[in-house]
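The next block holds one structure in the form of structure tokens; read it before the comments.
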Amino acid sequence: MSDNSNISSQSSFDRVLFNDKKMGAYFTDMTDALLLRNFFKFPDNEPCCCIDPSCGDGVALATVTGKSSGNRNVVNFGVELDRERYQECKNNPYVDYAIMADFMQEVRISRDVFTFGYLNPPYGESLLKERYEKIFFKRIDNYLAPGAYLCMVVPYYIFTEDPVLARLITNRYDIMTCVKFREFEKFKQIALIARKKSDNQPNLEMAKAFQDYVSNIDGMYIIPDTVPEDKRYAIPPSNPDDVKVFEGMGIDVDIVAQIPSQSHVGSMFSEATKIKDAFGTIGRPPIMPGKSHIYMLATSGFGRGIVGSEENRDKHLQRGRVIEGTESHSVTDPVTKKVVQTVRHFKKTIVTIVQAGGKVTKLESFGSKKDGKEEKVSV
């Protein structure tokens, strides 16, 4: 758990820095969003669930899906990491559900339920030396249903640099069309529209053909002004009730007051409000604690209260506790035919950490079998 937790923390921090550099540079232009809208026909009398995992202020999602043009059947779900952009999205009347989270690491979303995905991810390379565009594609694929359409806006050169990405996409999706934006020379952006297959069907020939098409960028079609009605892609309906889970792994500071007073997380937020400019100064642990550290934190007192300093930007809150428990199993002795029940007593350690922006991380660790006390009882 320690490695994954550390990666998660670094990932969030890296994405925030990257978004600060990217902000205002690569968001979909409204003219392009309106032209993309022409490719799709959303259901007339049934709901349709749409997701954007890097939605900014939500305007592009609302435009492409036609929600801002009066299509009331569309139900838009947006994820945004940057707090300022998230607040804009949250106040956007055409985004029905919005969460502030790092889509790469910090979301829990029902799988295989959305029938339209709009993807204009951050551009660049993560700390794990994998491009964000590729990571976001692999993640959003988990949430799109078979038959769903994906509209993906990315720089064309990611396909020429990484042939694996073309194979990943063509394994899972049928390529419907791929066009370049009018101001292509400015951002090198293309729009790929694909439909998800019912299962994974590798097609090396299609992957090569698609990569060759993208590589010959001068021969790629420019996004058209209009698309005939009979040539538009019919987005399948989908029921919002099937989206059982749509949440980040943090807590929106705007709803802190609604947390029951008996909740230990609620009391942690109460402590946080005592810090000047609390959610602007709370940082993250320099190193996310691992399993070997959890028990020590919980029992030494460092797992309770404010840790770190504002000067180092690593001030955060920790609360640790140790819970004693038991588990048992029964075995029949083959000779005596007696049933022997083995009861093991163990300790479960839980450390909860509150980081910047209200993100809550819960670390859990069980004592090993050699640490637990066992007793055998004949039944």
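Going by the structure tokens order, chains are called A, B, ..., each with residues numbered from 1, while ligands are numbered from 1 in the order shown.
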
Inset, instruction - From a DSSP calculation on the backbone, collect every residue of range 28-264 of chain A in alpha helix (DSSP H) and output the set as an MDAnalysis selection string. - result: chainID A and resid 30:37 59:64 83:90 132:141 157:161 163:172 184:187 204:215 264

Checklist entry - Could you name the residues that touch Phe159 in chain A at 12 Å or less, counting only C-alpha atoms, but leaving out those on the same chain fewer than 2 positions away, as a PyMOL selection string? => result chain A and resi 131+133-134+154-157+161-169+189-190+192+207-217

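You can rank A:Tyr221, A:Phe103, A:Tyr233, A:Tyr86 by their closest distance to Pro43 in chain A using only C-alpha atoms, and at the top of that list sits A:Tyr233.
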
In Å and to one decimal, CA of Asp242 in chain A is distant from CA of Tyr132 in chain A by 28.0 Å

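Taking CA of Asn92 in chain A and CA of Ala234 in chain A as endpoints, the distance between them is 25.6 Å.
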
Of A:Asp52, A:Asp225, A:Gly66, A:Asn76, the one sitting nearest Asp141 in chain A when using only C-alpha atoms is A:Asp52

Expressed in Å, the length from CA of Cys55 in chain A to CA of Phe136 in chain A is 12.3 Å

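Proximity of A:Gly78, A:Gly58, A:Pro93, A:Pro47 to Phe246 in chain A, computed with only C-alpha atoms, is greatest for A:Gly78.
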
_Taking 6 positions as the minimum chain separation for residues in the same chain, which residues sit within 7 Å of range 107-124 of chain A when counting only C-alpha atoms? Answer as a PyMOL selection string._
chain A and resi 48-54+61+101+131-133+136+142-145+148-154+235-238+242-249

Only C-alpha atoms, please: the residues just picked out, written as a compact mmCIF listing (two decimals), in the first residue's frame.
```txt
# COMPACT_ATOMS: atom_id res chain seq x y z
CA CYS A 48 -28.14 9.77 -21.79
CA CYS A 49 -25.23 9.80 -19.30
CA CYS A 50 -22.10 11.62 -20.47
CA ILE A 51 -18.75 11.92 -18.70
CA ASP A 52 -15.78 14.29 -19.01
CA PRO A 53 -12.82 13.37 -16.76
CA SER A 54 -10.96 16.68 -17.22
CA LEU A 61 -18.89 19.24 -22.23
CA ALA A 101 -10.50 14.89 -7.91
CA ARG A 131 1.64 10.38 -21.18
CA TYR A 132 -1.48 11.73 -19.53
CA GLU A 133 -3.49 11.21 -22.72
CA PHE A 136 -6.80 9.08 -19.21
CA ASN A 142 -13.52 1.53 -17.58
CA TYR A 143 -16.64 3.66 -17.31
CA LEU A 144 -17.98 3.58 -20.87
CA ALA A 145 -20.55 0.94 -21.77
CA ALA A 148 -20.72 4.03 -26.16
CA TYR A 149 -19.08 6.79 -28.17
CA LEU A 150 -15.84 8.47 -27.18
CA CYS A 151 -14.83 11.89 -28.53
CA MET A 152 -11.14 12.33 -27.77
CA VAL A 153 -9.29 15.64 -28.37
CA VAL A 154 -5.51 15.18 -28.29
CA ILE A 235 -25.61 8.03 -28.95
CA PRO A 236 -27.32 5.16 -27.06
CA PRO A 237 -29.55 6.05 -24.10
CA SER A 238 -28.34 5.31 -20.57
CA ASP A 242 -27.25 3.00 -13.11
CA VAL A 243 -24.55 5.43 -12.00
CA LYS A 244 -24.50 4.08 -8.47
CA VAL A 245 -21.17 5.69 -7.56
CA PHE A 246 -19.68 8.99 -8.70
CA GLU A 247 -17.35 10.43 -6.12
CA GLY A 248 -13.82 11.56 -5.43
CA MET A 249 -11.70 10.26 -2.60
```

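Distances to Thr31 in chain A were evaluated for A:Arg139, A:Arg85, A:Arg182, A:Lys67 using only C-alpha atoms, and the minimum falls at A:Arg182.
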
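With only C-alpha atoms as the atoms that count, the minimum distance from Ile135 in chain A to the choices A:Cys178, A:Asp102, A:Asn45, A:Lys197 is reached by A:Asp102.
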
Counting only C-alpha atoms, the residue among A:Tyr173, A:Gly56, A:Lys180, A:Thr226 that lies closest to Asn203 in chain A is A:Tyr173
